[in-house]
$ cat target_35.txt   # compact mmCIF, C-alpha atoms
# COMPACT_ATOMS: atom_id res chain seq x y z
CA MET A 1 11.76 93.59 183.23
CA SER A 2 8.89 91.30 182.36
CA SER A 3 6.48 94.22 182.28
CA VAL A 4 8.78 96.09 179.87
CA LYS A 5 8.96 93.07 177.60
CA THR A 6 5.21 92.68 177.77
CA ARG A 7 4.66 96.29 176.70
CA ARG A 8 7.18 95.92 173.91
CA GLN A 9 5.58 92.73 172.71
CA ALA A 10 2.15 94.35 172.81
CA ALA A 11 3.44 97.35 170.86
CA ALA A 12 4.98 95.05 168.30
CA GLN A 13 1.71 93.17 167.91
CA THR A 14 -0.36 96.34 167.52
CA THR A 15 2.07 98.09 165.16
CA PRO A 16 0.87 97.61 161.58
CA SER A 17 3.30 95.87 159.35
CA THR A 18 4.82 97.66 156.40
CA PRO A 19 2.89 96.83 153.23
CA SER A 20 4.84 94.66 150.89
CA LEU A 21 5.92 96.06 147.59
CA ALA A 22 4.52 94.76 144.35
CA PRO A 23 6.46 91.95 142.69
CA ARG A 24 9.34 93.03 140.51
CA SER A 25 7.52 91.86 137.39
CA GLU A 26 4.57 94.17 138.13
CA GLN A 27 6.90 97.06 138.93
CA ALA A 28 8.80 96.44 135.70
CA VAL A 29 5.55 96.57 133.73
CA MET A 30 4.61 99.93 135.28
CA ASN A 31 8.05 101.38 134.68
CA GLY A 32 7.95 100.06 131.13
CA ASN A 33 4.62 101.78 130.50
CA GLY A 34 5.99 105.11 131.70
CA TYR A 35 9.18 104.88 129.63
CA PHE A 36 7.35 103.57 126.57
CA ARG A 37 4.96 106.49 126.80
CA ILE A 38 7.87 108.94 126.66
CA VAL A 39 9.31 107.10 123.65
CA LEU A 40 5.95 107.33 121.88
CA ALA A 41 5.73 111.04 122.69
CA PHE A 42 9.14 111.68 121.11
CA ALA A 43 8.16 109.58 118.08
CA SER A 44 4.94 111.55 117.63
CA LEU A 45 6.89 114.82 117.73
CA TYR A 46 9.28 113.51 115.09
CA TYR A 47 6.41 112.65 112.71
CA MET A 48 4.38 115.76 113.57
CA PRO A 49 5.50 118.03 110.68
CA LEU A 50 4.93 115.46 107.92
CA HIS A 51 2.72 112.53 108.90
CA PRO A 52 -0.50 113.61 110.63
CA ARG A 53 -2.05 110.14 110.83
CA THR A 54 1.05 108.48 112.26
CA CYS A 55 1.64 111.35 114.67
CA SER A 56 -1.97 111.33 115.88
CA ILE A 57 -1.91 107.59 116.56
CA LEU A 58 1.39 107.74 118.46
CA TYR A 59 0.32 110.81 120.41
CA SER A 60 -3.04 109.27 121.35
CA VAL A 61 -1.50 105.98 122.49
CA SER A 62 1.01 107.94 124.60
CA CYS A 63 -1.83 109.81 126.31
CA LEU A 64 -3.77 106.59 126.94
CA LEU A 65 -0.70 105.00 128.51
CA ASP A 66 -0.64 107.93 130.94
CA ALA A 67 -4.06 106.94 132.27
CA LEU A 68 -3.11 103.23 132.28
CA ASP A 69 0.13 103.90 134.12
CA GLY A 70 -1.64 105.92 136.82
CA TYR A 71 -4.29 103.24 137.29
CA ALA A 72 -1.64 100.50 137.54
CA ALA A 73 0.36 102.51 140.09
CA ARG A 74 -2.70 102.90 142.31
CA TYR A 75 -3.79 99.28 141.86
CA PHE A 76 -0.39 97.85 142.80
CA GLU A 77 0.20 100.52 145.47
CA GLN A 78 3.29 101.76 143.65
CA SER A 79 2.39 105.47 143.55
CA THR A 80 5.44 107.68 144.09
CA ARG A 81 6.11 111.41 144.13
CA PHE A 82 8.58 111.04 141.30
CA GLY A 83 6.04 109.19 139.19
CA ALA A 84 3.36 111.80 139.82
CA VAL A 85 5.69 114.67 138.92
CA LEU A 86 7.08 112.83 135.88
CA ASP A 87 3.57 112.21 134.54
CA MET A 88 2.58 115.84 134.98
CA VAL A 89 5.80 117.15 133.42
CA THR A 90 5.40 114.78 130.48
CA ASP A 91 1.82 115.95 129.99
CA ARG A 92 2.84 119.61 130.04
CA CYS A 93 5.73 119.05 127.63
CA THR A 94 3.79 117.04 125.04
CA THR A 95 0.80 119.38 125.07
CA SER A 96 3.08 122.41 124.80
CA CYS A 97 4.91 120.90 121.83
CA LEU A 98 1.61 120.25 120.06
CA LEU A 99 0.45 123.82 120.72
CA VAL A 100 3.77 125.16 119.42
CA PHE A 101 3.17 123.33 116.16
CA LEU A 102 -0.38 124.74 115.95
CA ALA A 103 1.02 128.22 116.53
CA SER A 104 3.43 127.73 113.61
CA ALA A 105 0.68 126.26 111.42
CA TRP A 106 -1.64 129.23 112.09
CA PRO A 107 0.50 132.30 112.80
CA ARG A 108 -2.54 134.54 113.06
CA TRP A 109 -3.69 132.50 116.09
CA SER A 110 -0.22 132.09 117.60
CA LEU A 111 -1.01 134.47 120.48
CA VAL A 112 -3.94 132.26 121.51
CA PHE A 113 -1.83 129.12 121.52
CA GLN A 114 0.97 130.90 123.38
CA GLY A 115 -1.57 132.00 125.98
CA LEU A 116 -2.83 128.44 126.39
CA ILE A 117 0.73 127.19 126.91
CA SER A 118 1.44 129.90 129.48
CA LEU A 119 -1.82 129.28 131.34
CA ASP A 120 -1.23 125.52 131.47
CA LEU A 121 2.34 125.79 132.73
CA ALA A 122 1.71 128.63 135.18
CA SER A 123 -1.42 127.15 136.75
CA HIS A 124 0.16 123.74 137.37
CA TYR A 125 3.49 125.12 138.59
CA ILE A 126 1.93 127.56 141.07
CA HIS A 127 -0.54 124.91 142.23
CA MET A 128 2.28 122.42 142.87
CA TYR A 129 4.41 125.04 144.62
CA ALA A 130 1.51 126.23 146.80
CA THR A 131 0.73 122.64 147.78
CA LEU A 132 4.33 121.96 148.83
CA ILE A 133 4.74 125.23 150.75
CA MET A 134 1.32 125.53 152.37
CA GLY A 135 0.22 121.90 152.58
CA GLY A 136 3.52 120.28 153.41
CA SER A 137 5.78 117.92 151.50
CA ASP A 138 3.55 114.94 152.28
CA GLN A 139 0.41 116.43 150.71
CA SER A 140 -0.44 115.52 147.14
CA HIS A 141 -1.35 118.30 144.71
CA LYS A 142 -4.52 116.33 143.96
CA LYS A 143 -5.80 116.71 147.53
CA VAL A 144 -7.77 119.94 147.29
CA ASP A 145 -10.24 120.74 150.07
CA ALA A 146 -13.75 121.42 148.84
CA SER A 147 -13.95 124.50 151.06
CA ARG A 148 -11.08 126.04 149.11
CA SER A 149 -12.42 125.18 145.65
CA TYR A 150 -15.32 122.87 144.86
CA ILE A 151 -14.47 122.65 141.17
CA LEU A 152 -10.84 121.71 141.85
CA ASN A 153 -11.93 119.18 144.46
CA LEU A 154 -14.28 117.58 141.93
CA TYR A 155 -11.64 117.71 139.19
CA TYR A 156 -8.89 116.02 141.20
CA THR A 157 -10.89 113.58 143.36
CA ASN A 158 -13.30 112.29 140.73
CA LYS A 159 -11.25 110.07 138.44
CA THR A 160 -13.94 110.09 135.74
CA VAL A 161 -14.07 113.88 135.60
CA LEU A 162 -10.27 114.11 135.55
CA PHE A 163 -9.95 111.54 132.76
CA LEU A 164 -12.67 113.05 130.57
CA CYS A 165 -11.37 116.61 130.93
CA CYS A 166 -7.79 115.63 130.11
CA MET A 167 -8.83 113.30 127.29
CA PHE A 168 -11.14 115.73 125.47
CA ASN A 169 -8.65 118.55 125.97
CA GLU A 170 -6.01 116.56 124.11
CA VAL A 171 -8.54 115.30 121.56
CA PHE A 172 -9.49 118.87 120.66
CA PHE A 173 -5.89 119.87 119.99
CA ILE A 174 -5.31 116.68 117.99
CA ALA A 175 -8.37 117.55 115.90
CA LEU A 176 -6.97 121.04 115.29
CA TYR A 177 -3.68 119.44 114.29
CA LEU A 178 -5.46 117.25 111.74
CA LEU A 179 -7.42 120.25 110.45
CA SER A 180 -4.16 122.05 109.73
CA PHE A 181 -3.55 119.34 107.12
CA SER A 182 -7.11 118.99 105.85
CA SER A 183 -9.21 122.16 106.14
CA PRO A 184 -8.79 124.93 103.53
CA LEU A 185 -11.07 127.05 105.73
CA LEU A 186 -8.45 127.15 108.48
CA SER A 187 -5.41 126.75 106.23
CA PRO A 188 -5.98 128.82 103.05
CA SER A 189 -2.59 127.70 101.71
CA LEU A 190 -4.21 124.35 100.92
CA LEU A 191 -6.18 126.11 98.15
CA GLN A 192 -3.11 127.52 96.44
CA VAL A 193 -2.79 125.46 93.29
CA ALA A 194 0.78 125.11 92.11
CA ALA A 195 1.92 125.07 88.54
CA ALA A 196 1.08 122.05 86.43
CA GLY A 197 3.51 119.24 87.05
CA ASP A 198 4.69 120.69 90.34
CA ALA A 199 5.00 118.30 93.26
CA ALA A 200 2.35 120.21 95.26
CA SER A 201 -0.18 120.59 92.44
CA THR A 202 -2.55 117.83 93.58
CA LEU A 203 -5.32 118.93 95.97
CA GLN A 204 -7.51 115.85 96.10
CA PRO A 205 -7.75 114.07 99.48
CA GLY A 206 -6.08 110.69 99.36
CA SER A 207 -4.07 111.59 96.26
CA PRO A 208 -0.52 112.11 97.55
CA ALA A 209 1.81 114.49 95.81
CA ALA A 210 5.10 113.18 94.54
CA SER A 211 8.06 113.87 96.81
CA PRO A 212 10.92 115.78 95.22
CA VAL A 213 14.41 114.48 95.89
CA SER A 214 15.34 117.62 97.87
CA VAL A 215 12.59 116.95 100.42
CA LEU A 216 13.89 113.44 101.07
CA PHE A 217 17.23 114.84 102.22
CA ASN A 218 15.56 117.44 104.46
CA PRO A 219 12.21 115.98 105.64
CA HIS A 220 11.64 118.74 108.22
CA SER A 221 12.09 121.72 105.93
CA ALA A 222 9.39 124.30 105.23
CA GLY A 223 8.95 122.84 101.76
CA ALA A 224 8.36 119.38 103.23
CA LEU A 225 5.68 120.80 105.50
CA GLU A 226 3.85 122.37 102.56
CA LEU A 227 4.15 119.13 100.65
CA ALA A 228 2.63 117.22 103.56
CA ARG A 229 -0.26 119.67 103.61
CA ALA A 230 -0.79 119.03 99.91
CA ASN A 231 -1.26 115.35 100.81
CA LYS A 232 -4.33 116.33 102.75
CA MET A 233 -7.11 114.21 104.20
CA ASP A 234 -10.85 114.70 104.48
CA SER A 235 -11.69 117.32 107.12
CA PHE A 236 -15.18 116.10 108.09
CA GLY A 237 -13.97 113.77 110.86
CA PRO A 238 -11.63 116.28 112.52
CA TRP A 239 -14.35 118.96 112.40
CA VAL A 240 -16.81 116.64 114.19
CA ILE A 241 -14.21 115.68 116.80
CA ALA A 242 -13.27 119.31 117.37
CA GLY A 243 -16.93 120.33 117.78
CA ILE A 244 -17.62 117.57 120.32
CA SER A 245 -14.48 118.17 122.38
CA LEU A 246 -14.55 121.99 122.29
CA PRO A 247 -16.85 122.49 125.35
CA VAL A 248 -14.73 120.20 127.51
CA MET A 249 -11.53 121.92 126.33
CA LEU A 250 -13.00 125.29 127.35
CA LEU A 251 -13.98 123.80 130.73
CA LYS A 252 -10.39 122.60 131.17
CA GLN A 253 -9.11 126.13 130.57
CA VAL A 254 -11.60 127.50 133.13
CA ILE A 255 -10.27 124.93 135.62
CA ASN A 256 -6.72 126.08 134.85
CA VAL A 257 -7.72 129.70 135.57
CA VAL A 258 -9.41 128.69 138.83
CA GLN A 259 -6.36 126.64 139.80
CA LEU A 260 -4.06 129.58 139.09
CA VAL A 261 -6.17 132.06 141.06
CA LYS A 262 -6.76 129.77 144.06
CA ALA A 263 -3.09 128.76 144.32
CA SER A 264 -1.97 132.39 144.08
CA ARG A 265 -4.38 133.41 146.82
CA TRP A 266 -3.26 130.50 148.98
CA LEU A 267 0.37 131.60 148.66
CA ALA A 268 -0.62 135.21 149.41
CA GLU A 269 -2.44 134.09 152.56
CA GLY A 270 0.69 132.24 153.65
CA ASP A 271 2.82 135.34 153.04
CA VAL A 272 0.47 137.42 155.22
CA GLU A 273 0.67 134.88 158.04
CA ILE A 274 4.47 134.69 157.85
CA ARG A 275 4.86 138.45 157.86
CA LYS A 276 2.40 138.76 160.73
CA ALA A 277 4.27 136.15 162.79
CA ALA A 278 7.56 137.97 162.12
CA GLY A 279 6.05 141.28 163.22
CA LEU A 280 6.30 142.83 159.78
CA PRO A 281 6.10 145.55 158.76
CA ARG A 282 7.99 146.97 161.71
CA LYS A 283 6.85 150.30 163.01
CA ALA A 284 9.28 153.12 162.41
CA LYS A 285 11.09 154.26 165.53
CA VAL A 286 10.13 157.73 166.72
CA THR A 287 13.26 159.80 167.32
$ encode --input "target_35.txt" --output "structure tokens"
Amino acid sequence: MSSVKTRRQAAAQTTPSTPSLAPRSEQAVMNGNGYFRIVLAFASLYYMPLHPRTCSILYSVSCLLDALDGYAARYFEQSTRFGAVLDMVTDRCTTSCLLVFLASAWPRWSLVFQGLISLDLASHYIHMYATLIMGGSDQSHKKVDASRSYILNLYYTNKTVLFLCCMFNEVFFIALYLLSFSSPLLSPSLLQVAAAGDAASTLQPGSPAASPVSVLFNPHSAGALELARANKMDSFGPWVIAGISLPVMLLKQVINVVQLVKASRWLAEGDVEIRKAAGLPRKAKVT
């Protein structure tokens, strides 16, 4: 009996203790950041058709809170599967909503924006699904072996690369959003001078047009959108931002393509192994 107790005591001493959770105050701060980010995202979508400056500020702060929330979760050892999935879903939803607006602002380029939305959603969904099926439920989608894809391994394991790619990708689309309100080159409707005395007759940056009473009762109508475009801003800043962030945005799309292809091949390899283990396809019986 004494030897059994001794072994049990030794096992208890060598068994690592369960790490303590962060204090409730720290956990509340992290949860508050995540929820506040979603609130800001909804607020930015509400102001998107009419107030480009307000929308851009709210959208940018929401994206920055995403990075802050992830850092806090890792620092306080509060990373969870739900939090990781919620962050990714929120990212996909907010970016898709912004691209939908750009598609409506520039109908001639709508197919491009629709393709970007489809690529973003498909690549992340298939990558997550392949990780769960092939890697197991305990494997994170950010753990990509370098032998499978060096670029994905660098993208997901290097926090600096991940942050810069995601940041400049969003910055480019925000710049395009601002250009839809400020650049006559991209939005020729900004050059259409209305009749004298009309609410949309002013075309000078920083000189807001007067709001008709009908727009106040329906602030999200097509007329309100055109009125907001008449209240345009200078396009020099957005053009510079778009030019700087364009290469990184293109790199992010290349990474999405690689992610889609690698995840699809990984699933196909798993299908081949499963069918081989099941003896499929079965040979036809000779009668």
$ closest_residue --input "target_35.txt" --among "A:Thr80, A:Pro247, A:Asp69, A:Lys142" --to "Leu162 of chain A" --atoms "only C-alpha atoms"
A:Lys142
$ atom_distance --input "target_35.txt" --atom1 "atom CA of Ile117 of chain A" --atom2 "atom CA of Gly83 of chain A"
22.4 Å
$ atom_distance --input "target_35.txt" --atom1 "atom CA of Ser245 of chain A" --atom2 "atom CA of Thr90 of chain A"
21.7 Å
$ residues_around --input "target_35.txt" --residues "Arg92 of chain A" --least-positions-apart "6" --cutoff "10 Å" --atoms "only C-alpha atoms" --output "PyMOL selection string"
chain A and resi 86+117+120-121+124
$ write_last_selection --input "target_35.txt" --atoms "C-alpha atoms" --output "compact mmCIF listing (two decimals), keeping the file's coordinate frame"
# COMPACT_ATOMS: atom_id res chain seq x y z
CA LEU A 86 7.08 112.83 135.88
CA ILE A 117 0.73 127.19 126.91
CA ASP A 120 -1.23 125.52 131.47
CA LEU A 121 2.34 125.79 132.73
CA HIS A 124 0.16 123.74 137.37
$ atom_distance --input "target_35.txt" --atom1 "atom CA of Phe82 of chain A" --atom2 "atom CA of Ser44 of chain A"
24.0 Å
$ closest_residue --input "target_35.txt" --among "A:Asp271, A:Gln259, A:Arg81, A:Lys252" --to "Gln139 of chain A" --atoms "all atoms listed in the file"
A:Arg81
$ axis_aligned_box --input "target_35.txt" --around "segment 41-60 of chain A" --padding-each-side "4 Å" --output "AutoDock Vina command-line options"
--center_x 3.1 --center_y 112.8 --center_z 115.3 --size_x 20.3 --size_y 18.4 --size_z 22.8
$ residues_near_point --input "target_35.txt" --point "(-5.0, 125.0, 133.5)" --cutoff "10 Å" --atoms "only C-alpha atoms" --output "list in words"
Leu116, Ile117, Ser118, Leu119, Asp120, Leu121, Ala122, Ser123, His124, Tyr125, His127, Leu251, Lys252, Gln253, Val254, Ile255, Asn256, Val257, Val258, Gln259 and Leu260 of chain A
$ write_last_selection --input "target_35.txt" --atoms "C-alpha atoms" --output "PDB file, in the frame of the given file"
ATOM      1  CA  LEU A 116      -2.830 128.440 126.390  1.00  0.00           C
ATOM      2  CA  ILE A 117       0.730 127.190 126.910  1.00  0.00           C
ATOM      3  CA  SER A 118       1.440 129.900 129.480  1.00  0.00           C
ATOM      4  CA  LEU A 119      -1.820 129.280 131.340  1.00  0.00           C
ATOM      5  CA  ASP A 120      -1.230 125.520 131.470  1.00  0.00           C
ATOM      6  CA  LEU A 121       2.340 125.790 132.730  1.00  0.00           C
ATOM      7  CA  ALA A 122       1.710 128.630 135.180  1.00  0.00           C
ATOM      8  CA  SER A 123      -1.420 127.150 136.750  1.00  0.00           C
ATOM      9  CA  HIS A 124       0.160 123.740 137.370  1.00  0.00           C
ATOM     10  CA  TYR A 125       3.490 125.120 138.590  1.00  0.00           C
ATOM     11  CA  HIS A 127      -0.540 124.910 142.230  1.00  0.00           C
ATOM     12  CA  LEU A 251     -13.980 123.800 130.730  1.00  0.00           C
ATOM     13  CA  LYS A 252     -10.390 122.600 131.170  1.00  0.00           C
ATOM     14  CA  GLN A 253      -9.110 126.130 130.570  1.00  0.00           C
ATOM     15  CA  VAL A 254     -11.600 127.500 133.130  1.00  0.00           C
ATOM     16  CA  ILE A 255     -10.270 124.930 135.620  1.00  0.00           C
ATOM     17  CA  ASN A 256      -6.720 126.080 134.850  1.00  0.00           C
ATOM     18  CA  VAL A 257      -7.720 129.700 135.570  1.00  0.00           C
ATOM     19  CA  VAL A 258      -9.410 128.690 138.830  1.00  0.00           C
ATOM     20  CA  GLN A 259      -6.360 126.640 139.800  1.00  0.00           C
ATOM     21  CA  LEU A 260      -4.060 129.580 139.090  1.00  0.00           C
TER      22      LEU A 260
END
$ closest_residue --input "target_35.txt" --among "A:Ser60, A:Ser182, A:Asn153, A:Ser110" --to "Phe168 of chain A" --atoms "only C-alpha atoms"
A:Ser60
$ residues_around --input "target_35.txt" --residues "Leu65 of chain A" --least-positions-apart "4" --cutoff "8 Å" --atoms "all atoms listed in the file" --output "list in words"
Asn33, Gly34, Arg37, Val61 and Asp69 of chain A
$ closest_residue --input "target_35.txt" --among "A:Phe236, A:Phe172, A:Phe42, A:Trp109" --to "Leu58 of chain A" --atoms "all atoms listed in the file"
A:Phe42
